[in-house]
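A.B. asks: File name query.txt; file contents compact mmCIF, C-alpha atoms and all ligand atoms; full text below.
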# COMPACT_ATOMS: atom_id res chain seq x y z
CA MET A 1 -108.19 61.75 -10.01
CA THR A 2 -109.33 60.80 -13.50
CA ALA A 3 -110.62 57.26 -14.05
CA GLY A 4 -107.98 55.01 -15.60
CA ARG A 5 -105.07 57.37 -14.97
CA ARG A 6 -102.31 56.57 -12.51
CA PRO A 7 -102.66 58.59 -9.31
CA PRO A 8 -99.82 61.00 -8.50
CA ASN A 9 -96.77 59.48 -6.80
CA VAL A 10 -97.63 60.82 -3.39
CA ILE A 11 -101.13 59.25 -3.50
CA ARG A 12 -99.65 55.95 -4.69
CA ARG A 13 -97.26 55.98 -1.73
CA LEU A 14 -100.07 56.81 0.68
CA LEU A 15 -102.16 53.97 -0.74
CA THR A 16 -99.27 51.54 -0.37
CA VAL A 17 -98.69 52.64 3.23
CA ALA A 18 -102.44 52.33 3.93
CA VAL A 19 -102.54 48.81 2.49
CA HIS A 20 -99.48 47.55 4.38
CA GLY A 21 -100.34 49.43 7.59
CA GLY A 22 -104.03 48.49 7.48
CA SER A 23 -103.21 44.84 6.77
CA LEU A 24 -100.73 44.60 9.63
CA LEU A 25 -102.94 46.48 12.09
CA PRO A 26 -105.03 43.45 13.21
CA LEU A 27 -101.79 41.56 13.92
CA ALA A 28 -100.31 44.51 15.83
CA LEU A 29 -103.51 44.84 17.91
CA LEU A 30 -103.52 41.10 18.57
CA LEU A 31 -99.91 41.17 19.78
CA PHE A 32 -100.59 44.27 21.86
CA ASP A 33 -103.69 42.75 23.49
CA GLY A 34 -101.78 39.50 24.09
CA ALA A 35 -98.80 41.29 25.65
CA THR A 36 -100.96 43.50 27.88
CA GLY A 37 -103.34 40.72 28.94
CA GLN A 38 -106.31 42.27 27.15
CA LEU A 39 -107.47 39.17 25.27
CA SER A 40 -110.90 37.80 26.19
CA VAL A 41 -111.51 35.14 28.88
CA ASN A 42 -111.01 32.54 26.12
CA PRO A 43 -107.75 33.81 24.54
CA ILE A 44 -107.34 30.92 22.09
CA GLN A 45 -110.82 31.48 20.69
CA ASP A 46 -110.13 35.20 20.59
CA LEU A 47 -106.95 34.64 18.55
CA THR A 48 -108.70 32.16 16.22
CA LEU A 49 -111.67 34.43 15.57
CA ARG A 50 -109.62 37.57 15.05
CA THR A 51 -107.12 35.98 12.63
CA GLY A 52 -110.00 34.31 10.75
CA LYS A 53 -111.90 37.59 10.38
CA ALA A 54 -108.79 39.47 9.22
CA ALA A 55 -108.08 36.72 6.64
CA LEU A 56 -111.60 36.85 5.19
CA VAL A 57 -111.82 40.65 5.05
CA LEU A 58 -108.41 40.93 3.34
CA LEU A 59 -109.33 38.17 0.88
CA LEU A 60 -112.49 40.04 -0.11
CA LEU A 61 -110.58 43.33 -0.38
CA SER A 62 -108.06 41.66 -2.70
CA LEU A 63 -110.95 40.30 -4.79
CA ALA A 64 -112.50 43.79 -4.98
CA CYS A 65 -109.44 45.27 -6.73
CA THR A 66 -110.17 44.02 -10.27
CA PRO A 67 -113.93 44.89 -10.12
CA LEU A 68 -112.90 48.42 -9.01
CA HIS A 69 -110.74 48.63 -12.10
CA ILE A 70 -113.53 47.26 -14.32
CA LEU A 71 -116.33 49.42 -12.89
CA LEU A 72 -114.53 52.66 -11.99
CA GLY A 73 -111.41 52.49 -14.13
CA TRP A 74 -109.16 52.49 -11.04
CA LYS A 75 -106.19 50.79 -12.66
CA TRP A 76 -104.00 51.44 -9.61
CA ALA A 77 -106.26 49.17 -7.53
CA VAL A 78 -105.01 46.13 -9.49
CA ALA A 79 -101.52 46.58 -8.00
CA LEU A 80 -102.98 46.23 -4.49
CA ARG A 81 -104.51 42.81 -5.24
CA LYS A 82 -101.32 40.82 -4.63
CA PRO A 83 -100.24 42.38 -1.29
CA LEU A 84 -103.80 42.13 0.05
CA GLY A 85 -104.03 38.48 -1.05
CA LEU A 86 -100.68 37.64 0.54
CA TYR A 87 -101.60 39.38 3.81
CA SER A 88 -104.84 37.38 3.82
CA PHE A 89 -102.79 34.21 3.42
CA LEU A 90 -100.52 35.28 6.29
CA TYR A 91 -103.57 35.52 8.59
CA ILE A 92 -104.86 32.17 7.30
CA CYS A 93 -101.52 30.56 8.21
CA LEU A 94 -101.63 32.13 11.69
CA HIS A 95 -105.28 31.01 12.05
CA LEU A 96 -104.33 27.46 11.11
CA LEU A 97 -101.26 27.51 13.35
CA ILE A 98 -103.34 28.65 16.35
CA PHE A 99 -105.93 25.95 15.62
CA THR A 100 -103.47 23.06 15.09
CA ALA A 101 -100.62 23.96 17.48
CA VAL A 102 -102.16 26.07 20.25
CA ASP A 103 -105.72 24.70 20.37
CA TYR A 104 -105.16 21.06 19.36
CA GLY A 105 -101.52 20.71 20.55
CA LEU A 106 -100.50 19.24 17.14
CA ASP A 107 -102.39 16.06 18.05
CA ALA A 108 -102.92 14.50 14.58
CA GLY A 109 -105.67 12.19 15.87
CA LEU A 110 -107.69 15.04 17.39
CA ILE A 111 -107.18 17.25 14.33
CA GLY A 112 -108.27 14.40 12.02
CA GLN A 113 -111.35 13.87 14.20
CA ALA A 114 -112.22 17.59 14.02
CA ILE A 115 -111.92 17.51 10.20
CA ALA A 116 -114.14 14.41 10.00
CA GLU A 117 -116.76 15.62 12.47
CA LYS A 118 -117.00 19.38 12.00
CA ARG A 119 -118.08 20.44 8.53
CA TYR A 120 -116.87 24.02 9.11
CA VAL A 121 -113.33 22.71 9.73
CA LEU A 122 -113.49 20.70 6.48
CA ALA A 123 -114.68 23.80 4.56
CA GLY A 124 -111.86 25.89 6.11
CA LEU A 125 -109.29 23.25 5.22
CA ALA A 126 -110.57 23.00 1.61
CA SER A 127 -110.35 26.79 1.32
CA PHE A 128 -106.77 26.76 2.64
CA LEU A 129 -105.75 23.97 0.23
CA LEU A 130 -107.15 25.93 -2.74
CA LEU A 131 -105.35 29.11 -1.69
CA LEU A 132 -102.01 27.38 -1.06
CA PRO A 133 -101.00 26.99 -4.77
CA LEU A 134 -101.99 30.60 -5.38
CA ALA A 135 -99.71 31.84 -2.60
CA LEU A 136 -96.89 29.55 -3.80
CA THR A 137 -97.16 30.86 -7.38
CA SER A 138 -97.28 34.54 -6.48
CA THR A 139 -93.62 35.18 -7.32
CA ARG A 140 -92.66 36.90 -10.59
CA GLY A 141 -90.76 33.81 -11.71
CA ALA A 142 -93.82 31.59 -11.21
CA VAL A 143 -96.05 34.07 -13.05
CA ARG A 144 -93.61 34.02 -16.00
CA ARG A 145 -93.19 30.24 -16.00
CA LEU A 146 -96.91 29.48 -15.79
CA GLY A 147 -97.90 32.04 -18.47
CA ARG A 148 -101.63 31.93 -19.20
CA TRP A 149 -102.05 28.99 -16.80
CA TRP A 150 -101.30 31.39 -13.97
CA ARG A 151 -104.48 33.38 -14.72
CA ARG A 152 -106.52 30.17 -14.97
CA LEU A 153 -105.09 28.88 -11.70
CA HIS A 154 -105.99 32.13 -9.99
CA TRP A 155 -109.71 31.62 -10.64
CA LEU A 156 -109.40 29.12 -7.75
CA VAL A 157 -109.57 32.12 -5.44
CA TYR A 158 -113.36 32.28 -5.97
CA PRO A 159 -114.22 28.73 -4.81
CA ALA A 160 -111.68 29.23 -2.01
CA ALA A 161 -113.41 32.43 -0.85
CA LEU A 162 -116.85 30.78 -1.15
CA LEU A 163 -115.63 27.91 1.03
CA ALA A 164 -114.25 30.43 3.55
CA ALA A 165 -117.67 32.16 3.67
CA LEU A 166 -119.33 28.75 4.11
CA HIS A 167 -116.83 27.93 6.89
CA PHE A 168 -117.86 31.17 8.63
CA LEU A 169 -121.59 30.45 8.09
CA TRP A 170 -121.35 26.91 9.51
CA LEU A 171 -119.53 28.00 12.66
CA SER A 172 -121.61 31.11 13.36
CA LYS A 173 -124.63 31.26 15.61
CA THR A 174 -126.21 33.94 13.42
CA ALA A 175 -126.17 33.84 9.62
CA ARG A 176 -126.34 37.60 8.99
CA GLU A 177 -122.63 38.46 8.89
CA PRO A 178 -121.45 35.38 6.95
CA LEU A 179 -124.27 35.87 4.42
CA LEU A 180 -123.22 39.49 3.97
CA TYR A 181 -119.66 38.33 3.14
CA GLY A 182 -121.11 35.70 0.80
CA ALA A 183 -123.27 38.29 -0.99
CA ILE A 184 -120.31 40.66 -1.46
CA LEU A 185 -118.29 37.77 -2.86
CA ILE A 186 -121.03 36.77 -5.33
CA ALA A 187 -121.35 40.39 -6.49
CA LEU A 188 -117.56 40.59 -7.08
CA LEU A 189 -117.59 37.26 -8.92
CA ALA A 190 -120.52 38.44 -11.08
CA VAL A 191 -118.56 41.53 -12.20
CA ARG A 192 -115.59 39.36 -13.19
CA ALA A 193 -117.75 36.73 -14.91
CA LEU A 194 -119.69 39.33 -16.93
CA ARG A 195 -116.44 40.97 -17.98
CA SER A 196 -114.95 37.63 -19.07
CA ALA A 197 -118.12 36.70 -20.97
CA ARG A 198 -118.04 40.02 -22.85
CA ALA A 199 -114.29 39.97 -23.56
CA PRO A 200 -114.39 37.74 -26.69
CA ALA A 201 -117.27 39.83 -28.08
CA ARG A 202 -115.28 43.06 -27.51
CA ILE A 203 -112.22 41.64 -29.27
CA ALA A 204 -114.31 40.34 -32.19
CA SER A 205 -116.09 43.70 -32.61
CA ARG A 206 -112.80 45.67 -32.78
CA PRO A 207 -112.16 46.96 -36.33
CA ALA A 208 -109.33 45.06 -38.02
CA ARG A 209 -106.15 47.15 -38.27
CA PRO A 210 -104.59 47.56 -41.71
CA PRO A 211 -101.51 45.31 -42.17
CA ALA A 212 -99.13 48.30 -42.03
CA GLU A 213 -100.27 49.12 -38.48
CA ARG A 214 -99.71 45.58 -37.22
CA SER A 215 -96.41 44.99 -35.48
C1 LIG B 1 -107.89 24.26 8.01
C2 LIG B 1 -108.37 25.46 7.90
C3 LIG B 1 -109.16 26.15 8.98
C4 LIG B 1 -109.47 25.76 10.25
C5 LIG B 1 -109.10 24.47 10.96
C6 LIG B 1 -110.24 26.82 10.86
C7 LIG B 1 -110.75 26.80 12.14
C8 LIG B 1 -111.51 27.80 12.71
C9 LIG B 1 -112.01 27.77 14.06
C10 LIG B 1 -111.78 26.67 15.06
C11 LIG B 1 -112.71 28.90 14.24
C12 LIG B 1 -113.37 29.37 15.53
C13 LIG B 1 -114.67 28.68 15.80
C14 LIG B 1 -115.21 29.12 17.15
O1 LIG B 1 -114.46 29.17 18.12
O2 LIG B 1 -116.38 29.48 17.21
C15 LIG B 1 -112.66 29.65 12.99
C16 LIG B 1 -113.29 30.85 12.79
C17 LIG B 1 -113.20 31.56 11.62
N1 LIG B 1 -112.43 31.27 10.51
FE1 LIG B 1 -111.40 29.58 10.25
N2 LIG B 1 -110.37 27.85 9.94
C18 LIG B 1 -109.73 27.47 8.78
C19 LIG B 1 -109.61 28.19 7.62
C20 LIG B 1 -110.13 29.45 7.45
C21 LIG B 1 -109.96 30.25 6.26
C22 LIG B 1 -109.21 29.78 5.01
C23 LIG B 1 -110.62 31.43 6.49
C24 LIG B 1 -110.75 32.66 5.61
C25 LIG B 1 -110.13 32.91 4.51
C26 LIG B 1 -111.19 31.37 7.80
C27 LIG B 1 -111.97 32.37 8.36
C28 LIG B 1 -112.60 32.27 9.59
C29 LIG B 1 -113.55 33.24 10.09
C30 LIG B 1 -114.02 34.50 9.33
C31 LIG B 1 -113.93 32.82 11.35
C32 LIG B 1 -114.96 33.45 12.28
C33 LIG B 1 -114.50 34.76 12.83
C34 LIG B 1 -115.56 35.41 13.70
O3 LIG B 1 -116.55 34.76 14.07
O4 LIG B 1 -115.37 36.58 13.99
N3 LIG B 1 -110.87 30.16 8.37
N4 LIG B 1 -111.92 28.96 12.09
Can I see the file as structure tokens?

C.D. replies:
Amino acid sequence: MTAGRRPPNVIRRLLTVAVHGGSLLPLALLLFDGATGQLSVNPIQDLTLRTGKAALVLLLLSLACTPLHILLGWKWAVALRKPLGLYSFLYICLHLLIFTAVDYGLDAGLIGQAIAEKRYVLAGLASFLLLLPLALTSTRGAVRRLGRWWRRLHWLVYPAALLAALHFLWLSKTAREPLLYGAILIALLAVRALRSARAPARIASRPARPPAERS
């Protein structure tokens, strides 16, 4: 496959199936384990941890799509960004639902206390609140209506992902895995930031087209 070119149709279909199938697999396994009584001795914690991990991994995969395009010319990867981001948000919603409804029985007082006392809950909530407008504006109509503001708004995904990594770090007993996620995230952000910083220079250095060529 040549860099920058669209992959053949059959590969595009396989990629799409892999993205949808791979994203739904953690949910299918969770439902299967739940239905067959194979969750751990603490099933609520099991559900919370597994939905949280799926959400973070999918969020990072969606953030890797544009750097893959920038670094390797894989233009097709950009089309996978939205489904991966939306699947991540689906797991975040399930994660939140398990925490608020199953674990805390929708007790507003207890939930408020957890937010006030546990810094990892506050970080998770802040991450969710930053991702919410992005999920709500993911429709074509919203993209059209918001114009260039849509792109600006979508930079919120980086602080949201950083807060999610911090959430993971603060609740973990060992820092290794959360720090690995944080390092991947910073590397992805660096690629985007360097590209954005160089963009005005690239445009300025382009030779001016003669008036006849301009549309
Ligand atoms: C209001 C929002 C959130 C709340 C209340 C919340 C709550 C929790 C709780 C209670 C745990 C399990 C702690 C334990 O039993 O040790 C957890 C784990 C986790 N959460 Fe969240 N969370 C929130 C948002 C998020 C978001 C937005 C993400 C990612 C995008 C996320 C990713 C994770 C991860 C990766 C884990 C640890 C998984 C593991 O250790 O394997 N959470 N969260």

A.B. asks: Can you tell me which residues come within 8 Å of ligand LIG 1 (chain B) when counting all atoms listed in the file, ideally as a PDB file with C-alpha atoms, in the coordinates of the input?

C.D. replies:
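Once written, part_0.pdb looks like this:
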ATOM      1  CA  GLN A  45    -110.820  31.480  20.690  1.00  0.00           C
ATOM      2  CA  ASP A  46    -110.130  35.200  20.590  1.00  0.00           C
ATOM      3  CA  THR A  48    -108.700  32.160  16.220  1.00  0.00           C
ATOM      4  CA  LEU A  49    -111.670  34.430  15.570  1.00  0.00           C
ATOM      5  CA  ARG A  50    -109.620  37.570  15.050  1.00  0.00           C
ATOM      6  CA  THR A  51    -107.120  35.980  12.630  1.00  0.00           C
ATOM      7  CA  GLY A  52    -110.000  34.310  10.750  1.00  0.00           C
ATOM      8  CA  LYS A  53    -111.900  37.590  10.380  1.00  0.00           C
ATOM      9  CA  ALA A  54    -108.790  39.470   9.220  1.00  0.00           C
ATOM     10  CA  ALA A  55    -108.080  36.720   6.640  1.00  0.00           C
ATOM     11  CA  LEU A  56    -111.600  36.850   5.190  1.00  0.00           C
ATOM     12  CA  VAL A  57    -111.820  40.650   5.050  1.00  0.00           C
ATOM     13  CA  LEU A  59    -109.330  38.170   0.880  1.00  0.00           C
ATOM     14  CA  SER A  88    -104.840  37.380   3.820  1.00  0.00           C
ATOM     15  CA  PHE A  89    -102.790  34.210   3.420  1.00  0.00           C
ATOM     16  CA  ILE A  92    -104.860  32.170   7.300  1.00  0.00           C
ATOM     17  CA  HIS A  95    -105.280  31.010  12.050  1.00  0.00           C
ATOM     18  CA  LEU A  96    -104.330  27.460  11.110  1.00  0.00           C
ATOM     19  CA  PHE A  99    -105.930  25.950  15.620  1.00  0.00           C
ATOM     20  CA  THR A 100    -103.470  23.060  15.090  1.00  0.00           C
ATOM     21  CA  ILE A 115    -111.920  17.510  10.200  1.00  0.00           C
ATOM     22  CA  TYR A 120    -116.870  24.020   9.110  1.00  0.00           C
ATOM     23  CA  VAL A 121    -113.330  22.710   9.730  1.00  0.00           C
ATOM     24  CA  LEU A 122    -113.490  20.700   6.480  1.00  0.00           C
ATOM     25  CA  ALA A 123    -114.680  23.800   4.560  1.00  0.00           C
ATOM     26  CA  GLY A 124    -111.860  25.890   6.110  1.00  0.00           C
ATOM     27  CA  LEU A 125    -109.290  23.250   5.220  1.00  0.00           C
ATOM     28  CA  ALA A 126    -110.570  23.000   1.610  1.00  0.00           C
ATOM     29  CA  SER A 127    -110.350  26.790   1.320  1.00  0.00           C
ATOM     30  CA  PHE A 128    -106.770  26.760   2.640  1.00  0.00           C
ATOM     31  CA  LEU A 131    -105.350  29.110  -1.690  1.00  0.00           C
ATOM     32  CA  ALA A 160    -111.680  29.230  -2.010  1.00  0.00           C
ATOM     33  CA  ALA A 161    -113.410  32.430  -0.850  1.00  0.00           C
ATOM     34  CA  LEU A 163    -115.630  27.910   1.030  1.00  0.00           C
ATOM     35  CA  ALA A 164    -114.250  30.430   3.550  1.00  0.00           C
ATOM     36  CA  ALA A 165    -117.670  32.160   3.670  1.00  0.00           C
ATOM     37  CA  HIS A 167    -116.830  27.930   6.890  1.00  0.00           C
ATOM     38  CA  PHE A 168    -117.860  31.170   8.630  1.00  0.00           C
ATOM     39  CA  LEU A 171    -119.530  28.000  12.660  1.00  0.00           C
ATOM     40  CA  SER A 172    -121.610  31.110  13.360  1.00  0.00           C
ATOM     41  CA  PRO A 178    -121.450  35.380   6.950  1.00  0.00           C
TER      42      PRO A 178
END

A.B. asks: Using only C-alpha atoms, pick whichever of A:Ala193, A:Arg81, A:Ala18, A:Ile111 has the shortest atom-to-atom distance to Ser138 in chain A.

C.D. replies: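 Checking each of A:Ala193, A:Arg81, A:Ala18, A:Ile111 against Ser138 in chain A, counting only C-alpha atoms, the winner is A:Arg81.
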
A.B. asks: Taking all atoms listed in the file into account, name the residue in A:Ser23, A:Thr16, A:Thr66, A:Asn42 that is nearest to Leu189 in chain A.

C.D. replies: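 The closest residue to Leu189 in chain A is A:Thr66.
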
A.B. asks: Could you work out how far CA of Asp103 in chain A lies from CA of Leu169 in chain A, giving the answer in Å with one decimal?

C.D. replies: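 These two atoms are separated by 20.9 Å.
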
A.B. asks: For a test of reading the model, state the distance in Å between CA of Trp170 in chain A and CA of Leu60 in chain A, rounded to one decimal.

C.D. replies: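 These atoms are spaced 18.5 Å apart.
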
A.B. asks: Separation of CA of Leu58 in chain A and CA of Leu84 in chain A, in Å?

C.D. replies: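 Between CA of Leu58 in chain A and CA of Leu84 in chain A the gap is 5.8 Å.
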
A.B. asks: Can you check which parts of range 10-100 of chain A lie within 12 Å of range 144-155 of chain A? Per residue, the shortest pair of atoms and distance in Å to one decimal, counting all atoms listed in the file, sorted by chain and number, as a tab-separated table.

C.D. replies:
residue	atom	partner	partner_atom	distance
A:Leu63	CA	A:Trp155	CA	10.5
A:Arg81	CA	A:His154	CA	11.8
A:Lys82	CA	A:His154	CA	11.2
A:Gly85	CA	A:His154	CA	11.1
